[in-house]
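Quick notes on the structure that follows.
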Amino acid sequence: MTARPGFPAVTGAATFQDIRRSLSGMVVKSAAGALRTGVLVADTTPLMVGTASMVVNVQTCVVVLDRSGAVFLPNDGVHQVTLSSAPSSGSRWSVIYAKQRETEAPFSDATAGPIIDKVESTTSETAARNLLPAGARELGVWKVDAGVSTTNAASGVTYTETVPYTAMEGGVVLLRNQTEQDAWTPHDGSLAFRVDEGVHLRRAGGKWMPTSGPFIDLIGGTTVNSSGSTNVPIWSAPGSGDSVATANWFSYNSASGDITVLKSGRYEIEARVAIAPVSGATVSMHLIKNGTPSNIIAQDSLSPSPSFGGIAKLSVLSIALTAGETVRVWVPQNGVSGGTVTVGGNGRGLCEFLIRAVG
């Protein structure tokens, strides 16, 4: 490779391919330098919508293509693609695509200009995909069964959105699921967001590291005295933080007070437990793992003042947890002296439990 005329450049010096190479620097790329083609995100609603006919409506979008560099192909309104009638038996697969056609060398399309169209087969989805023209970016696949007359039919029609999301360099790439996450291997420092889990990711050391996965909930009240040990199972049900991330990363047992991690990794944990004011009382509180009181990963103790009570703070910056392991707030045996205290009852505000994936 060699240096190319820049963009903007001296009049006439930069070819359209030179300009596209310059624009490629604006789009995210794989660690190997391959341009990530796809759709620049406006929102995550379906890119295509069925209608009461055999027409498919392609919604407003900007598709990034790679034809000797980046091409930004805008669709500035609803674009209609008419599918062929349903077959008399079996199914028809229609692959919708976008392409920037070129007549100028090194390309040899019959005509120039943008196109959003389809290729179709009654044999298989693969057979339809094999008909895509060179330089096309697949957007999605429509499978229409025999007897169907509309693309919005309640049955007999399946739409699968296959085009990935892309982004400008330094931006956040949206990934729909684990499959898309595994397939996207950009350079370290890249950012992504798992749509299905509500979790932000960063690329470091050639791996994806979660930067979010919150579990934030409240605690009610329970009394503890010096007669014995107790867990603190009064957290409300999970979900008062990010409900999508919570459901995919954590579960909660209201009887035991255990928070279970559903994915192996490293976690940051912080619990802030309100203690009601009891003059002269001393309270010890532990964060334990796997329901074992001796398996202490954080602890705090305090002597609440008569007027203000106090907050026990249990903090762990980073701990490795395997999927299925649990953490629990626990008052150890003889952890209270000088009187009975109320956990979560000082009226000073909400108690919190936060656990966040950090790697």
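Every chain in the structure tokens has a letter given in the order shown (A, B, ...), and although residue numbers restart at 1 in each chain, ligands are simply numbered from 1 in the order shown.
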Would you list the contacts of segment 191-194 of chain A as number ranges by chain, taking every protein, DNA or RNA residue within 10 Å and counting only C-alpha atoms, but skipping same-chain residues closer than 2 positions in sequence?
-> A: 28, 166-167, 169-178, 180-181, 184, 186-189, 196-204, 208-212, 245
Contacts of Ser88 of chain A at 10 Å (only C-alpha atoms; same-chain gap of 5+ positions) as a short mmCIF file (atom, residue, chain, number, x, y, z; two decimals) with C-alpha atoms, in the first residue's frame:
data_model
loop_
_atom_site.label_atom_id
_atom_site.label_comp_id
_atom_site.auth_asym_id
_atom_site.auth_seq_id
_atom_site.Cartn_x
_atom_site.Cartn_y
_atom_site.Cartn_z
CA ASP A 145 -44.81 -20.00 3.06
CA ALA A 146 -47.27 -21.26 0.46
CA GLY A 147 -50.70 -19.65 0.62
CA VAL A 148 -49.56 -16.39 2.22
#
Contacts of segment 294-324 of chain A with segment 264-269 of chain A up to 10 Å, shortest pair per row, only C-alpha atoms, as a tab-separated table:
residue	atom	partner	partner_atom	distance
A:Ile297	CA	A:Ile269	CA	9.9
A:Ala298	CA	A:Ile269	CA	9.4
A:Leu314	CA	A:Ile269	CA	7.8
A:Ser315	CA	A:Ile269	CA	5.7
A:Val316	CA	A:Ile269	CA	5.1
A:Leu317	CA	A:Glu268	CA	4.8
A:Ser318	CA	A:Glu268	CA	4.9
A:Ile319	CA	A:Arg266	CA	5.2
A:Ala320	CA	A:Arg266	CA	4.3
A:Leu321	CA	A:Ser264	CA	5.7
A:Thr322	CA	A:Ser264	CA	4.2
A:Ala323	CA	A:Ser264	CA	4.5
A:Gly324	CA	A:Ser264	CA	8.2
Surrounding residues of Arg129 of chain A excluding itself and chain neighbours under 4 positions, 12 Å, only C-alpha atoms, as a list in words | Trp93, Ser94, Val95, Ile96, Tyr97, Lys118, Val119, Glu120, Ser121, Thr122, Thr123, Ser124, Glu125, Pro133, Ala134, Ala136, Arg137, Glu138, Leu139, Gly140, Val141, Trp142 and Thr162 of chain A
Go ahead and save the picked residues with N, CA and C atoms, as a PDB file, in the first residue's frame.
ATOM      1  N   TRP A  93     -37.652 -17.818   0.016  1.00  0.00           N
ATOM      2  CA  TRP A  93     -36.772 -16.971   0.808  1.00  0.00           C
ATOM      3  C   TRP A  93     -36.391 -15.747  -0.022  1.00  0.00           C
ATOM      4  N   SER A  94     -36.600 -14.581   0.554  1.00  0.00           N
ATOM      5  CA  SER A  94     -36.256 -13.316  -0.103  1.00  0.00           C
ATOM      6  C   SER A  94     -35.214 -12.610   0.751  1.00  0.00           C
ATOM      7  N   VAL A  95     -34.033 -12.403   0.200  1.00  0.00           N
ATOM      8  CA  VAL A  95     -32.961 -11.709   0.904  1.00  0.00           C
ATOM      9  C   VAL A  95     -32.931 -10.262   0.410  1.00  0.00           C
ATOM     10  N   ILE A  96     -33.203  -9.332   1.308  1.00  0.00           N
ATOM     11  CA  ILE A  96     -33.191  -7.904   0.977  1.00  0.00           C
ATOM     12  C   ILE A  96     -31.772  -7.374   1.155  1.00  0.00           C
ATOM     13  N   TYR A  97     -31.332  -6.544   0.217  1.00  0.00           N
ATOM     14  CA  TYR A  97     -29.960  -6.028   0.273  1.00  0.00           C
ATOM     15  C   TYR A  97     -29.907  -4.570  -0.164  1.00  0.00           C
ATOM     16  N   LYS A 118     -34.023  -7.179  -3.764  1.00  0.00           N
ATOM     17  CA  LYS A 118     -34.117  -8.534  -3.219  1.00  0.00           C
ATOM     18  C   LYS A 118     -33.521  -9.533  -4.202  1.00  0.00           C
ATOM     19  N   VAL A 119     -33.120 -10.678  -3.682  1.00  0.00           N
ATOM     20  CA  VAL A 119     -32.874 -11.880  -4.474  1.00  0.00           C
ATOM     21  C   VAL A 119     -33.673 -12.986  -3.802  1.00  0.00           C
ATOM     22  N   GLU A 120     -34.157 -13.958  -4.597  1.00  0.00           N
ATOM     23  CA  GLU A 120     -35.106 -14.924  -4.057  1.00  0.00           C
ATOM     24  C   GLU A 120     -34.820 -16.341  -4.532  1.00  0.00           C
ATOM     25  N   SER A 121     -35.247 -17.288  -3.704  1.00  0.00           N
ATOM     26  CA  SER A 121     -35.142 -18.699  -4.064  1.00  0.00           C
ATOM     27  C   SER A 121     -36.209 -19.483  -3.327  1.00  0.00           C
ATOM     28  N   THR A 122     -36.741 -20.526  -4.003  1.00  0.00           N
ATOM     29  CA  THR A 122     -37.666 -21.448  -3.352  1.00  0.00           C
ATOM     30  C   THR A 122     -36.938 -22.704  -2.883  1.00  0.00           C
ATOM     31  N   THR A 123     -35.624 -22.716  -3.041  1.00  0.00           N
ATOM     32  CA  THR A 123     -34.829 -23.879  -2.638  1.00  0.00           C
ATOM     33  C   THR A 123     -34.409 -23.793  -1.179  1.00  0.00           C
ATOM     34  N   SER A 124     -33.769 -22.669  -0.823  1.00  0.00           N
ATOM     35  CA  SER A 124     -33.292 -22.497   0.548  1.00  0.00           C
ATOM     36  C   SER A 124     -32.846 -21.061   0.744  1.00  0.00           C
ATOM     37  N   GLU A 125     -32.657 -20.703   2.012  1.00  0.00           N
ATOM     38  CA  GLU A 125     -32.118 -19.379   2.320  1.00  0.00           C
ATOM     39  C   GLU A 125     -30.708 -19.231   1.757  1.00  0.00           C
ATOM     40  N   PRO A 133     -25.616  -9.864  -5.448  1.00  0.00           N
ATOM     41  CA  PRO A 133     -24.595  -9.317  -6.341  1.00  0.00           C
ATOM     42  C   PRO A 133     -23.364  -8.867  -5.569  1.00  0.00           C
ATOM     43  N   ALA A 134     -22.238  -8.788  -6.256  1.00  0.00           N
ATOM     44  CA  ALA A 134     -20.990  -8.344  -5.630  1.00  0.00           C
ATOM     45  C   ALA A 134     -21.163  -6.940  -5.059  1.00  0.00           C
ATOM     46  N   ALA A 136     -22.954  -6.150  -2.433  1.00  0.00           N
ATOM     47  CA  ALA A 136     -24.232  -5.970  -1.729  1.00  0.00           C
ATOM     48  C   ALA A 136     -24.055  -6.196  -0.237  1.00  0.00           C
ATOM     49  N   ARG A 137     -24.823  -5.453   0.568  1.00  0.00           N
ATOM     50  CA  ARG A 137     -24.868  -5.657   2.013  1.00  0.00           C
ATOM     51  C   ARG A 137     -26.226  -6.225   2.362  1.00  0.00           C
ATOM     52  N   GLU A 138     -26.243  -7.492   2.778  1.00  0.00           N
ATOM     53  CA  GLU A 138     -27.496  -8.125   3.176  1.00  0.00           C
ATOM     54  C   GLU A 138     -28.098  -7.394   4.368  1.00  0.00           C
ATOM     55  N   LEU A 139     -29.421  -7.156   4.302  1.00  0.00           N
ATOM     56  CA  LEU A 139     -30.122  -6.464   5.378  1.00  0.00           C
ATOM     57  C   LEU A 139     -30.990  -7.406   6.209  1.00  0.00           C
ATOM     58  N   GLY A 140     -31.662  -8.327   5.534  1.00  0.00           N
ATOM     59  CA  GLY A 140     -32.551  -9.229   6.249  1.00  0.00           C
ATOM     60  C   GLY A 140     -33.156 -10.241   5.312  1.00  0.00           C
ATOM     61  N   VAL A 141     -33.799 -11.257   5.890  1.00  0.00           N
ATOM     62  CA  VAL A 141     -34.362 -12.368   5.123  1.00  0.00           C
ATOM     63  C   VAL A 141     -35.839 -12.527   5.473  1.00  0.00           C
ATOM     64  N   TRP A 142     -36.659 -12.635   4.434  1.00  0.00           N
ATOM     65  CA  TRP A 142     -38.086 -12.909   4.593  1.00  0.00           C
ATOM     66  C   TRP A 142     -38.376 -14.314   4.073  1.00  0.00           C
ATOM     67  N   THR A 162     -30.637  -9.505   9.607  1.00  0.00           N
ATOM     68  CA  THR A 162     -29.284 -10.070   9.615  1.00  0.00           C
ATOM     69  C   THR A 162     -28.187  -9.019   9.521  1.00  0.00           C
TER      70      THR A 162
END
Distance query segment 54-64 of chain A at most 7 Å, only C-alpha atoms, self and fewer than 6 positions along chain excluded, as a PyMOL selection string = chain A and resi 37-40+47-48+70-83+85+149-151
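The spacing separating atom CA of Ser251 of chain A from atom CA of Ala276 of chain A amounts to 28.0 Å.
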Check the DSSP output for the backbone and give back, as a PDB file with C-alpha atoms, in the first residue's frame, the residues of segment 28-187 of chain A in strand (DSSP E or B).
ATOM      1  CA  LYS A  29     -12.975  -1.715  12.130  1.00  0.00           C
ATOM      2  CA  SER A  30     -11.940  -5.165  13.269  1.00  0.00           C
ATOM      3  CA  LEU A  35     -14.357  -2.157   7.886  1.00  0.00           C
ATOM      4  CA  GLY A  38     -23.856  -2.482   8.533  1.00  0.00           C
ATOM      5  CA  VAL A  39     -26.472  -0.011   9.690  1.00  0.00           C
ATOM      6  CA  LEU A  40     -25.723   3.172  11.613  1.00  0.00           C
ATOM      7  CA  MET A  48     -38.143  -3.778   7.846  1.00  0.00           C
ATOM      8  CA  VAL A  49     -41.896  -3.972   8.404  1.00  0.00           C
ATOM      9  CA  GLY A  50     -44.487  -6.144   6.652  1.00  0.00           C
ATOM     10  CA  VAL A  55     -44.588  -5.290  -0.071  1.00  0.00           C
ATOM     11  CA  VAL A  56     -41.879  -4.948   2.591  1.00  0.00           C
ATOM     12  CA  ASN A  57     -41.181  -1.455   3.937  1.00  0.00           C
ATOM     13  CA  VAL A  58     -37.514  -0.735   4.580  1.00  0.00           C
ATOM     14  CA  CYS A  61     -31.513   4.238   7.756  1.00  0.00           C
ATOM     15  CA  VAL A  62     -27.921   4.767   6.677  1.00  0.00           C
ATOM     16  CA  VAL A  63     -26.141   1.647   5.446  1.00  0.00           C
ATOM     17  CA  VAL A  64     -22.350   1.577   5.510  1.00  0.00           C
ATOM     18  CA  LEU A  65     -20.876  -0.397   2.596  1.00  0.00           C
ATOM     19  CA  ASP A  66     -17.310  -1.270   1.640  1.00  0.00           C
ATOM     20  CA  ALA A  70     -16.519   3.307   3.060  1.00  0.00           C
ATOM     21  CA  VAL A  71     -19.724   4.239   1.265  1.00  0.00           C
ATOM     22  CA  PHE A  72     -22.567   5.768   3.280  1.00  0.00           C
ATOM     23  CA  LEU A  73     -25.824   4.846   1.544  1.00  0.00           C
ATOM     24  CA  PRO A  74     -28.766   6.752   3.045  1.00  0.00           C
ATOM     25  CA  ASN A  75     -32.380   5.651   2.798  1.00  0.00           C
ATOM     26  CA  HIS A  79     -38.408   2.233   0.679  1.00  0.00           C
ATOM     27  CA  GLN A  80     -40.762  -0.420  -0.655  1.00  0.00           C
ATOM     28  CA  VAL A  81     -39.531  -3.793  -1.889  1.00  0.00           C
ATOM     29  CA  THR A  82     -42.147  -6.063  -3.464  1.00  0.00           C
ATOM     30  CA  SER A  91     -41.526 -21.647   0.973  1.00  0.00           C
ATOM     31  CA  ARG A  92     -39.770 -18.750  -0.721  1.00  0.00           C
ATOM     32  CA  TRP A  93     -36.772 -16.971   0.808  1.00  0.00           C
ATOM     33  CA  SER A  94     -36.256 -13.316  -0.103  1.00  0.00           C
ATOM     34  CA  VAL A  95     -32.961 -11.709   0.904  1.00  0.00           C
ATOM     35  CA  ILE A  96     -33.191  -7.904   0.977  1.00  0.00           C
ATOM     36  CA  TYR A  97     -29.960  -6.028   0.273  1.00  0.00           C
ATOM     37  CA  ALA A  98     -28.511  -2.576  -0.286  1.00  0.00           C
ATOM     38  CA  LYS A  99     -25.814  -1.786  -2.822  1.00  0.00           C
ATOM     39  CA  GLN A 100     -24.002   1.168  -4.367  1.00  0.00           C
ATOM     40  CA  ARG A 101     -23.778   0.263  -8.044  1.00  0.00           C
ATOM     41  CA  GLY A 113     -26.491   4.490  -8.293  1.00  0.00           C
ATOM     42  CA  PRO A 114     -27.957   3.108  -5.067  1.00  0.00           C
ATOM     43  CA  ILE A 115     -30.346   0.199  -4.946  1.00  0.00           C
ATOM     44  CA  ILE A 116     -32.316  -1.592  -2.237  1.00  0.00           C
ATOM     45  CA  ASP A 117     -33.732  -4.780  -3.696  1.00  0.00           C
ATOM     46  CA  LYS A 118     -34.117  -8.534  -3.219  1.00  0.00           C
ATOM     47  CA  VAL A 119     -32.874 -11.880  -4.474  1.00  0.00           C
ATOM     48  CA  GLU A 120     -35.106 -14.924  -4.057  1.00  0.00           C
ATOM     49  CA  SER A 121     -35.142 -18.699  -4.064  1.00  0.00           C
ATOM     50  CA  ARG A 137     -24.868  -5.657   2.013  1.00  0.00           C
ATOM     51  CA  GLU A 138     -27.496  -8.125   3.176  1.00  0.00           C
ATOM     52  CA  LEU A 139     -30.122  -6.464   5.378  1.00  0.00           C
ATOM     53  CA  GLY A 140     -32.551  -9.229   6.249  1.00  0.00           C
ATOM     54  CA  VAL A 141     -34.362 -12.368   5.123  1.00  0.00           C
ATOM     55  CA  TRP A 142     -38.086 -12.909   4.593  1.00  0.00           C
ATOM     56  CA  LYS A 143     -39.420 -16.481   4.500  1.00  0.00           C
ATOM     57  CA  VAL A 144     -42.911 -16.706   3.008  1.00  0.00           C
ATOM     58  CA  ASP A 145     -44.806 -20.000   3.062  1.00  0.00           C
ATOM     59  CA  VAL A 157     -44.153 -15.236   7.366  1.00  0.00           C
ATOM     60  CA  THR A 158     -40.806 -14.998   9.147  1.00  0.00           C
ATOM     61  CA  TYR A 159     -38.507 -11.973   9.118  1.00  0.00           C
ATOM     62  CA  THR A 160     -34.916 -12.237  10.311  1.00  0.00           C
ATOM     63  CA  GLU A 161     -32.842  -9.069  10.525  1.00  0.00           C
ATOM     64  CA  TYR A 165     -25.134  -2.521  13.620  1.00  0.00           C
ATOM     65  CA  THR A 166     -22.026  -0.456  12.998  1.00  0.00           C
ATOM     66  CA  MET A 168     -18.316   5.646  13.833  1.00  0.00           C
ATOM     67  CA  VAL A 172     -20.525   2.177  20.708  1.00  0.00           C
ATOM     68  CA  VAL A 173     -21.413  -0.784  18.492  1.00  0.00           C
ATOM     69  CA  LEU A 174     -24.761  -2.359  19.332  1.00  0.00           C
ATOM     70  CA  LEU A 175     -24.668  -6.171  19.465  1.00  0.00           C
ATOM     71  CA  PRO A 186     -12.210  -5.105  17.164  1.00  0.00           C
TER      72      PRO A 186
END
As a VMD selection string, list the residues of segment 161-207 of chain A assigned to alpha helix (DSSP H) by DSSP on the backbone atoms of this structure.
-> chain A and resid 178 to 183
Excluding same-chain residues fewer than 6 positions from Val327 of chain A, what lies within 10 Å of it counting only C-alpha atoms, as number ranges by chain?
-> A: 252, 257-261, 269, 287-292, 295-297, 321, 355
Length of the atom CA of Ser284 of chain A to atom CA of Arg328 of chain A vector [Å] | 14.2 Å
